[in-house]
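Q: Got a structure for you, written out below as structure tokens; questions coming shortly.
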Amino acid sequence: MAYRAHCLICTGTGCVAGGSFNLRKTLEAEIAKRGLDREIQVITTGCQGFCAEGPIMIVQPDGVFYCRVEERDVPAIVEEHLLKGRPVKKLLYTPPTEKAPIPALKDIPFFAKQKLIVLRNRGLIDPDRIEDYIAVDGYTALGKALTQMTPEGIVLEIKRSGLRGRGGGGFPAGIKWETCRHAGQVRGVAPVVICNADEGDPGAFMDRSIIESDPHSVVEGMIIAARGIGASEGFVYIRHEYPLARQRLQLALDHAREFGLLGKNILGAGMDFDIEIREGAGAFVCGESTALMASLEGKLGEPRAKYIHTVEHGYQDRPSNLNNVETYANVPLIILRGADWFASMGTGDVKENPWNGSSGTKVFSLVGKINNTGLIEVPMGISLREIIFDIGGGIPKGRKFKAVQTGGPSGGCLPEEKLDMAVDFDSLTEAGSMMGSGGMIVMDEQTCMVDVARYFIAFLTEESCGKCTPCREGLKTMLDVLTRIGDGKGRMEDLGLLEEMGAVMQDCCLCALGTSAPNPVLSTLQYFRHEYEAHIRDKKCPGGVCKELITYGIDPAKCDGCHACVRACSTAAIMGEVKKVHTLDVHKCIKCGACIEVCRRDAITRT
Amino acid sequence: MPRITIEDLKKIKEEARQKMTLRSGDARARVVVHMSTCGIAAGAREVLDAFLRDAEARHLTDLLVTTSSCAGLCSREPMATVEIAGQAPVKYVDLDPAKAGRIVAEHILGGAVVREFALAAGSETAS
């Protein structure tokens, strides 16, 4: 249906801090009241550069530009302008007539399909200045939580928002908070609030980026959590490999303490809470809750059986609430804008039961064979295809998409048939992968799925702590079998063996590292079994990766005799005169790939 | 700084907001260099140095050069956002020190966006 006019309200950071969301709400209500809601549409836009005059609003097609619009101006705008067609003079501003010479950011697909909650301040504020964060409504949610809400009310609000843990498991944060609060009260032991910043998945950098962009949003989220749970002590467990994130976080904590937002009697509201940073050495298993807490206590970072939950008996045997960076960063806006607002985004109806869907947004790091490598935030329920082809800009060099790996080493690889699947916690798990913390690795047709599985299993074999047998021995055996298949020495029975071992590990491993470790193997077996069979039966690697199974050659139709490969080859395996088609001696070739890197005409073949 | 109350928080917010927005008479333009691990690895520090050097050499007292974090598009870094009072901010990609010099000369001083490495105008929106 066509609208006769559009009201564009700026929701750039500056105007949001000036109240543009409330303005939109009031405007929509007033338009509906006047029965104009089928004629006039309210749209939010990005920054127009008039932050000093904000909040601003543009009415199209009239091109009327209002500035410093307040909620009390709304009835006049609707009555005079929208109804009678007479612009409200006192709010008018005449912008310079210059047209933007370059495209608008909102028209660039990479930005257009993103929805920013956690990353709302990225690239806009100086992360080292607490004043910048306060200027964009920072710590306003904390003020609201401390003065207008009870601790139970805070927990209930988070529960009703449907916020599920962004670290991988997807456990509803509100339920965790409630259990932790309850455990503290029943046992008479003060709970602790812990932030997991031990991001260890290869190709994942969401949490690092959140801390580097907006450290105070995590700090504020943790203080609100502490208020809800009844904790006075908090920790951020961050890995040593994140020096810049650690430095910015430390500065944020120092500033918050100076301002009285941490320490005794926060905001004069009688709450005491402080946060300490603890650094981990970067062991992958330390992202697992029990191993993390052991490491936090100064012990060896090994997990324990979880029939007793850390939320009741965790760090120093105290009730411990562990959420990751992104989860906490969501909290301030949920408190500020309400559970209903958050629950309205994403999939499923989560208000009664957070397990019913996935609300809000998710931050992903988009890496691998993709044009727009980057950090994105998208609404839950978006399709993989939109993420990879619209936001990510598709596969480089016009190659074909083969698979996308989600959920890190413990996630799975999904094929093209699954591209239209909605991205949420439950759909991904159902498809044999998982949300994980949000690493998304895109693979093209030149990727070998056996090699991918072997890579992840090799990573996990290194990172397994070795405490339980199925994980320690299972991974090692899986790695041996996968290496054998890659070397062309596999047997068809190996596939059954891999599946059987995977099933045992899923059932018997001590912690989530082990139970999810077979996922890369099982999901590639499920969706790319033909590639395993090609390796075993035909002694071929369809991706052209496994060295033992491929032969290099030169496509005479493509080679223009530029000599670049001849110079690059360290074993003098390529011969030929300049401007004449070259030839490759397979007996001298060591399959190092140096020729492929220098060939401009894609003439080197791997078969 | 003594303990603050919620009222103080509101005051700080207003003051800080004023400082964040560009007004004529005060600073006329601002360059924000996006510096997170990704940007720094791609050379953002050299780009920042180039902007600072240029601003100083040309005595541009009404130009603010500041830093912020990752703008999301890691594959196009180093990135910077240039804001001139009253105009939509412009994001630049794939920068190096020489390009920084051209942005100062052509965009900040000359008023013409350097189209070759400008990605887009405008900002992202909060949800």
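In the structure tokens, chains take the letters A, B, ... in the order shown, each chain's residues start at 1, and ligands count up from 1 in the order shown.
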Considering only helix (DSSP H, G or I) as DSSP defines it on the backbone, what residues of range 533-580 of chain A qualify? List them as number ranges by chain.
A: A: 533-536, 547-549, 564-568
Q: Could you turn the residues from that selection into a file that holds all heavy atoms, as an mmCIF file, in the first residue's frame?
A:
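Printed below is out_13.cif as written:
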```
data_model
loop_
_atom_site.group_PDB
_atom_site.id
_atom_site.type_symbol
_atom_site.label_atom_id
_atom_site.label_comp_id
_atom_site.auth_asym_id
_atom_site.auth_seq_id
_atom_site.Cartn_x
_atom_site.Cartn_y
_atom_site.Cartn_z
ATOM 1 N N GLU A 533 33.316 -40.068 0.544
ATOM 2 C CA GLU A 533 33.323 -41.259 -0.316
ATOM 3 C C GLU A 533 34.271 -41.083 -1.505
ATOM 4 O O GLU A 533 34.959 -42.022 -1.897
ATOM 5 C CB GLU A 533 31.897 -41.565 -0.789
ATOM 6 C CG GLU A 533 31.047 -42.116 0.351
ATOM 7 C CD GLU A 533 29.554 -42.141 0.039
ATOM 8 O OE1 GLU A 533 29.152 -41.655 -1.045
ATOM 9 O OE2 GLU A 533 28.798 -42.626 0.887
ATOM 10 N N ALA A 534 34.323 -39.853 -2.028
ATOM 11 C CA ALA A 534 35.229 -39.597 -3.148
ATOM 12 C C ALA A 534 36.688 -39.796 -2.718
ATOM 13 O O ALA A 534 37.502 -40.347 -3.457
ATOM 14 C CB ALA A 534 35.038 -38.177 -3.680
ATOM 15 N N HIS A 535 36.995 -39.369 -1.497
ATOM 16 C CA HIS A 535 38.357 -39.546 -0.984
ATOM 17 C C HIS A 535 38.693 -41.024 -0.840
ATOM 18 O O HIS A 535 39.791 -41.461 -1.158
ATOM 19 C CB HIS A 535 38.510 -38.891 0.399
ATOM 20 C CG HIS A 535 38.694 -37.409 0.356
ATOM 21 N ND1 HIS A 535 37.676 -36.538 0.087
ATOM 22 C CD2 HIS A 535 39.796 -36.637 0.560
ATOM 23 C CE1 HIS A 535 38.133 -35.293 0.133
ATOM 24 N NE2 HIS A 535 39.416 -35.323 0.408
ATOM 25 N N ILE A 536 37.704 -41.785 -0.319
ATOM 26 C CA ILE A 536 37.985 -43.191 -0.003
ATOM 27 C C ILE A 536 37.911 -44.062 -1.260
ATOM 28 O O ILE A 536 38.828 -44.811 -1.574
ATOM 29 C CB ILE A 536 36.992 -43.700 1.059
ATOM 30 C CG1 ILE A 536 37.176 -42.902 2.363
ATOM 31 C CG2 ILE A 536 37.195 -45.194 1.315
ATOM 32 C CD1 ILE A 536 36.117 -43.158 3.406
ATOM 33 N N LYS A 547 46.614 -33.010 -0.494
ATOM 34 C CA LYS A 547 47.795 -33.117 -1.358
ATOM 35 C C LYS A 547 48.004 -34.498 -1.966
ATOM 36 O O LYS A 547 48.443 -34.620 -3.108
ATOM 37 C CB LYS A 547 49.045 -32.748 -0.560
ATOM 38 C CG LYS A 547 49.335 -31.279 -0.536
ATOM 39 C CD LYS A 547 50.716 -31.070 0.056
ATOM 40 C CE LYS A 547 51.037 -29.593 0.145
ATOM 41 N NZ LYS A 547 52.364 -29.374 0.692
ATOM 42 N N GLU A 548 47.765 -35.537 -1.179
ATOM 43 C CA GLU A 548 48.041 -36.888 -1.655
ATOM 44 C C GLU A 548 47.127 -37.288 -2.806
ATOM 45 O O GLU A 548 47.395 -38.233 -3.524
ATOM 46 C CB GLU A 548 47.879 -37.894 -0.504
ATOM 47 C CG GLU A 548 48.832 -37.677 0.667
ATOM 48 C CD GLU A 548 50.291 -37.840 0.255
ATOM 49 O OE1 GLU A 548 50.576 -38.701 -0.594
ATOM 50 O OE2 GLU A 548 51.131 -37.057 0.760
ATOM 51 N N LEU A 549 45.998 -36.575 -2.934
ATOM 52 C CA LEU A 549 44.987 -37.011 -3.896
ATOM 53 C C LEU A 549 44.861 -36.102 -5.115
ATOM 54 O O LEU A 549 43.989 -36.300 -5.948
ATOM 55 C CB LEU A 549 43.619 -37.101 -3.205
ATOM 56 C CG LEU A 549 43.566 -38.017 -1.985
ATOM 57 C CD1 LEU A 549 42.184 -38.004 -1.387
ATOM 58 C CD2 LEU A 549 43.971 -39.433 -2.356
ATOM 59 N N ALA A 564 55.199 -16.066 -14.729
ATOM 60 C CA ALA A 564 55.147 -15.770 -13.291
ATOM 61 C C ALA A 564 55.290 -17.047 -12.472
ATOM 62 O O ALA A 564 56.005 -17.088 -11.464
ATOM 63 C CB ALA A 564 53.833 -15.072 -12.946
ATOM 64 N N CYS A 565 54.612 -18.131 -12.915
ATOM 65 C CA CYS A 565 54.659 -19.373 -12.152
ATOM 66 C C CYS A 565 56.042 -20.013 -12.223
ATOM 67 O O CYS A 565 56.507 -20.631 -11.269
ATOM 68 C CB CYS A 565 53.585 -20.339 -12.641
ATOM 69 S SG CYS A 565 53.708 -20.707 -14.403
ATOM 70 N N VAL A 566 56.704 -19.832 -13.349
ATOM 71 C CA VAL A 566 58.044 -20.404 -13.494
ATOM 72 C C VAL A 566 58.970 -19.784 -12.450
ATOM 73 O O VAL A 566 59.755 -20.461 -11.799
ATOM 74 C CB VAL A 566 58.578 -20.159 -14.924
ATOM 75 C CG1 VAL A 566 60.000 -20.696 -15.060
ATOM 76 C CG2 VAL A 566 57.664 -20.795 -15.948
ATOM 77 N N ARG A 567 58.829 -18.467 -12.275
ATOM 78 C CA ARG A 567 59.660 -17.783 -11.285
ATOM 79 C C ARG A 567 59.277 -18.176 -9.862
ATOM 80 O O ARG A 567 60.116 -18.247 -8.979
ATOM 81 C CB ARG A 567 59.516 -16.261 -11.451
ATOM 82 C CG ARG A 567 60.285 -15.722 -12.661
ATOM 83 C CD ARG A 567 60.324 -14.191 -12.645
ATOM 84 N NE ARG A 567 59.003 -13.598 -12.864
ATOM 85 C CZ ARG A 567 58.502 -13.339 -14.075
ATOM 86 N NH1 ARG A 567 59.214 -13.607 -15.155
ATOM 87 N NH2 ARG A 567 57.305 -12.818 -14.200
ATOM 88 N N ALA A 568 57.986 -18.436 -9.646
ATOM 89 C CA ALA A 568 57.534 -18.732 -8.283
ATOM 90 C C ALA A 568 57.871 -20.166 -7.860
ATOM 91 O O ALA A 568 57.989 -20.451 -6.671
ATOM 92 C CB ALA A 568 56.026 -18.501 -8.183
#
```
Q: Would you list which chain A residues are within 7 Å of chain B using only C-alpha atoms, as a count of residues only?
A: 43
Q: Residues near range 560-562 of chain A, anyone? I mean within 8 Å using only C-alpha atoms, not counting same-chain ones fewer than 3 positions away, as a list in words.
A: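 Using only C-alpha atoms, the neighbours found are Cys565, Gly576, Glu577, Val578, Lys579, Lys580, Val581, His582 and Arg601 of chain A.
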Q: For the residues in the current selection, export C-alpha atoms as a PDB file, in the first residue's frame.
A:
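Result file again03.pdb:
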```pdb
ATOM      1  CA  CYS A 565      54.659 -19.373 -12.152  1.00  0.00           C
ATOM      2  CA  GLY A 576      58.166 -23.124 -20.945  1.00  0.00           C
ATOM      3  CA  GLU A 577      59.163 -20.126 -22.977  1.00  0.00           C
ATOM      4  CA  VAL A 578      57.743 -16.671 -22.426  1.00  0.00           C
ATOM      5  CA  LYS A 579      54.454 -16.116 -24.294  1.00  0.00           C
ATOM      6  CA  LYS A 580      54.138 -19.848 -24.966  1.00  0.00           C
ATOM      7  CA  VAL A 581      51.998 -22.302 -23.020  1.00  0.00           C
ATOM      8  CA  HIS A 582      53.934 -23.702 -20.046  1.00  0.00           C
ATOM      9  CA  ARG A 601      44.627 -16.248 -15.366  1.00  0.00           C
TER      10      ARG A 601
END
```
Q: Need the shell around Lys369 in chain A: protein/DNA/RNA residues with any atom at most 8 Å away, counting only C-alpha atoms. Skip same-chain ones fewer than 6 positions apart. Format as a PyMOL selection string?
A: chain A and resi 395-396+441-444
Q: For range 44-56 of chain B, work out the shell of residues within 8 Å, counting only C-alpha atoms and skipping chain neighbours fewer than 3 positions away, then give it as a ChimeraX atom specification.
A: /B:33-35,39-41,59-61,63,65,77-79,95-98,100-101,104
Q: Do you have the CA of Lys400 in chain A-CA of Asp94 in chain B distance handy?
A: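 Here the two named atoms are 26.3 Å from each other.
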Q: In Å, how far is it from CA of Val367 in chain A to CA of Gly432 in chain A?
A: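 Taking CA of Val367 in chain A and CA of Gly432 in chain A, their separation equals 20.4 Å.
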Q: Run DSSP on the backbone and grab whatever in range 151-285 of chain A lands in strand (DSSP E); send it over as a PyMOL selection string.
A: chain A and resi 192-197+233-239+263-266+271-280
Q: Between CA of Leu119 in chain A and CA of Gly18 in chain A, what is the spacing in Å?
A: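 For CA of Gly18 in chain A relative to CA of Leu119 in chain A, the distance reads 18.8 Å.
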Q: Between B:Leu64, B:Ala57, B:Ala42, B:Leu109, single out the one closest to Arg30 in chain B, counting only C-alpha atoms.
A: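 Of the candidates, the smallest distance to Arg30 in chain B is held by B:Leu64.
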Q: Which polymer residues have any atom within 9 Å of an atom of range 280-282 of chain A, counting only C-alpha atoms, with same-chain residues fewer than 6 positions away left out, as an MDAnalysis selection string?
A: chainID A and resid 198:200 237:241 292 295:296
Q: Keeping only N, CA and C atoms, take the residues you just selected and write them out as a compact mmCIF listing (two decimals), in the first residue's frame.
A:
```
# COMPACT_ATOMS: atom_id res chain seq x y z
N ASP A 198 36.38 -14.98 27.37
CA ASP A 198 37.43 -15.91 26.93
C ASP A 198 37.05 -16.46 25.57
N GLU A 199 36.95 -15.55 24.62
CA GLU A 199 36.49 -15.94 23.29
C GLU A 199 37.59 -16.73 22.58
N GLY A 200 37.35 -18.01 22.31
CA GLY A 200 38.45 -18.82 21.80
C GLY A 200 38.23 -19.45 20.45
N TYR A 237 36.58 -12.43 33.02
CA TYR A 237 37.65 -13.38 32.68
C TYR A 237 37.98 -13.19 31.22
N ILE A 238 39.13 -12.58 30.97
CA ILE A 238 39.48 -12.24 29.58
C ILE A 238 40.81 -12.88 29.23
N ARG A 239 40.95 -13.22 27.94
CA ARG A 239 42.19 -13.92 27.57
C ARG A 239 43.34 -12.94 27.32
N HIS A 240 44.52 -13.46 27.56
CA HIS A 240 45.74 -12.69 27.43
C HIS A 240 45.94 -12.15 26.01
N GLU A 241 45.36 -12.85 25.01
CA GLU A 241 45.57 -12.45 23.62
C GLU A 241 44.80 -11.19 23.22
N LEU A 292 36.43 -22.44 33.58
CA LEU A 292 36.67 -21.01 33.76
C LEU A 292 36.75 -20.68 35.25
N SER A 295 39.92 -21.91 36.78
CA SER A 295 41.02 -21.03 36.40
C SER A 295 40.96 -19.72 37.19
N LEU A 296 39.73 -19.23 37.38
CA LEU A 296 39.52 -17.98 38.13
C LEU A 296 40.02 -18.13 39.58
```
Q: Could you list, as a PyMOL selection string, every residue within 8 Å of Thr583 in chain A, counting only C-alpha atoms and ignoring same-chain residues fewer than 4 positions away?
A: chain A and resi 553-554+574-576
